[in-house]
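Student: Okay, handing you the structure first.
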Amino acid sequence: MTTAVRAQAPMVEADPDLIELTRLPAPAVYTADVYADCIAWPPGYAVQGRREDSTAREYELLRALAVTLDRYRQARRTPPARLMVRAMRIPPDGTSTHPRPVRILAEITKDAHDAPLITISSAARLTR
């Protein structure tokens, strides 16, 4: 599936290999707005001579979530079902060259088969 098609899907599954690599405790899905803002990357767009791609951007976002969850584990606390995560990303606007912070909401729920699932959405959802 192309980056553009994934960005328009209602929910986008996270790459299972990246879930394993970052050691997240469950599969994850993104809302289309988070995918478009934090992961999707225009083909051929380089930032200060450095190329990025959607896989690297997805890894960075999942890694930020994994680090947040690790802090709870290290403190021997159970993470809340909803938690805020701060990540850095270069906006895919075609002009930005420096990373900017973004806040995302990670909700740990259950899928249709009662298995754990992490839903990653925009933190702006909290204000609605």
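Naming scheme: A, B, ... for chains in displayed order of the structure tokens; residues 1 onward per chain; ligands 1 onward as shown.
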So that each row is one residue of region 9-48 of chain A with an atom at most 12 Å from region 69-84 of chain A, can you give its shortest atom pair and the distance in Å to one decimal, using only C-alpha atoms, rows by chain and rising number, as JSON lines?
Tutor:
```
{"residue": "A:Thr22", "atom": "CA", "partner": "A:Asp70", "partner_atom": "CA", "distance": 10.6}
{"residue": "A:Arg23", "atom": "CA", "partner": "A:Asp70", "partner_atom": "CA", "distance": 9.6}
{"residue": "A:Leu24", "atom": "CA", "partner": "A:Leu69", "partner_atom": "CA", "distance": 8.2}
{"residue": "A:Pro25", "atom": "CA", "partner": "A:Leu69", "partner_atom": "CA", "distance": 9.1}
{"residue": "A:Ala26", "atom": "CA", "partner": "A:Leu69", "partner_atom": "CA", "distance": 11.6}
```
Student: Please produce a file of those selected residues containing all heavy atoms, as a short mmCIF file (atom, residue, chain, number, x, y, z; two decimals), in the first residue's frame.
Tutor:
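Written file, selection.cif:
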```
data_model
loop_
_atom_site.label_atom_id
_atom_site.label_comp_id
_atom_site.auth_asym_id
_atom_site.auth_seq_id
_atom_site.Cartn_x
_atom_site.Cartn_y
_atom_site.Cartn_z
N THR A 22 10.69 -2.23 18.48
CA THR A 22 10.58 -1.26 19.57
C THR A 22 10.10 -1.91 20.88
O THR A 22 10.01 -1.25 21.89
CB THR A 22 9.64 -0.10 19.20
OG1 THR A 22 8.37 -0.63 18.85
CG2 THR A 22 10.21 0.72 18.07
N ARG A 23 9.74 -3.19 20.79
CA ARG A 23 9.30 -3.97 21.95
C ARG A 23 8.02 -3.44 22.58
O ARG A 23 7.86 -3.47 23.81
CB ARG A 23 10.40 -4.07 22.99
CG ARG A 23 11.61 -4.79 22.48
CD ARG A 23 12.65 -4.93 23.54
NE ARG A 23 13.78 -5.67 22.99
CZ ARG A 23 14.93 -5.76 23.58
NH1 ARG A 23 15.13 -5.19 24.74
NH2 ARG A 23 15.91 -6.44 23.02
N LEU A 24 7.13 -2.94 21.73
CA LEU A 24 5.83 -2.53 22.26
C LEU A 24 5.07 -3.78 22.67
O LEU A 24 5.23 -4.84 22.06
CB LEU A 24 5.05 -1.74 21.21
CG LEU A 24 5.51 -0.31 21.01
CD1 LEU A 24 4.77 0.34 19.86
CD2 LEU A 24 5.31 0.50 22.28
N PRO A 25 4.22 -3.69 23.69
CA PRO A 25 3.55 -4.87 24.22
C PRO A 25 2.36 -5.37 23.40
O PRO A 25 1.81 -6.42 23.70
CB PRO A 25 3.08 -4.40 25.60
CG PRO A 25 2.87 -2.94 25.43
CD PRO A 25 3.96 -2.50 24.48
N ALA A 26 1.97 -4.63 22.35
CA ALA A 26 0.80 -5.01 21.57
C ALA A 26 0.88 -4.38 20.18
O ALA A 26 1.61 -3.40 19.99
CB ALA A 26 -0.48 -4.55 22.27
#
```
Student: Write out as a tab-separated table (two decimals) with N, CA, C and O atoms, in the first residue's frame the residues lying within 8 Å of Pro101 (chain A), counting only C-alpha atoms and excluding same-chain residues fewer than 5 positions away.
Tutor:
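around_10.tsv was written with the following content:
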```tsv
chain	number	residue	atom	x	y	z
A	86	ARG	N	5.01	12.52	23.77
A	86	ARG	CA	5.61	13.64	23.03
A	86	ARG	C	6.65	13.05	22.10
A	86	ARG	O	7.51	12.29	22.53
A	87	ALA	N	6.56	13.39	20.84
A	87	ALA	CA	7.52	12.92	19.84
A	87	ALA	C	7.98	14.12	19.01
A	87	ALA	O	7.32	15.16	18.98
A	88	MET	N	9.10	13.96	18.36
A	88	MET	CA	9.60	15.00	17.46
A	88	MET	C	9.45	14.49	16.03
A	88	MET	O	9.68	13.32	15.76
A	89	ARG	N	9.05	15.39	15.13
A	89	ARG	CA	8.95	15.03	13.72
A	89	ARG	C	9.08	16.29	12.88
A	89	ARG	O	8.76	17.39	13.33
```
Student: With only C-alpha atoms as the basis for distance, which of A:Val85, A:Leu18, A:Ile108, A:Ile120 is at the shortest distance from Ala64 (chain A)?
Tutor: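 For Ala64 (chain A), the nearest of the candidates is A:Val85.
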Student: Which residue is closest to Val12 (chain A)? Choose from A:Thr109, A:Thr119, A:Thr68, A:Ser54 and count only C-alpha atoms.
Tutor: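 Closest to Val12 (chain A) of all the choices is A:Thr119.
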Student: Within 10 Å of Asp15 (chain A), counting only C-alpha atoms, which residues qualify if same-chain residues fewer than 6 places away don't, as a ChimeraX atom specification?
Tutor: /A:21,27-29,55,58-59,62
Student: Report as a PyMOL selection string all protein, DNA and RNA residues lying within 12 Å of region 90-98 of chain A, evaluated on only C-alpha atoms, omitting residues in the same chain fewer than 5 positions from it.
Tutor: chain A and resi 34-54+56-57+60-61
Student: Give the alpha helix (DSSP H) residues of region 21-111 of chain A, as DSSP finds them on the backbone, and put them as a list in words.
Tutor: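 The alpha helix (DSSP H) subset of region 21-111 of chain A is Leu21, Thr22, Ala32, Asp33, Val34, Ser54, Thr55, Ala56, Arg57, Glu58, Tyr59, Glu60, Leu61, Leu62, Arg63, Ala64, Leu65, Ala66, Val67, Thr68, Leu69, Asp70, Arg71, Tyr72, Arg73 and Gln74 of chain A.
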Student: Considering only strand (DSSP E or B) as DSSP defines it on the backbone, what residues of chain A qualify? List them as a ChimeraX atom specification.
Tutor: /A:11-13,28-31,46-47,50-51,82-89,100-110,116-122
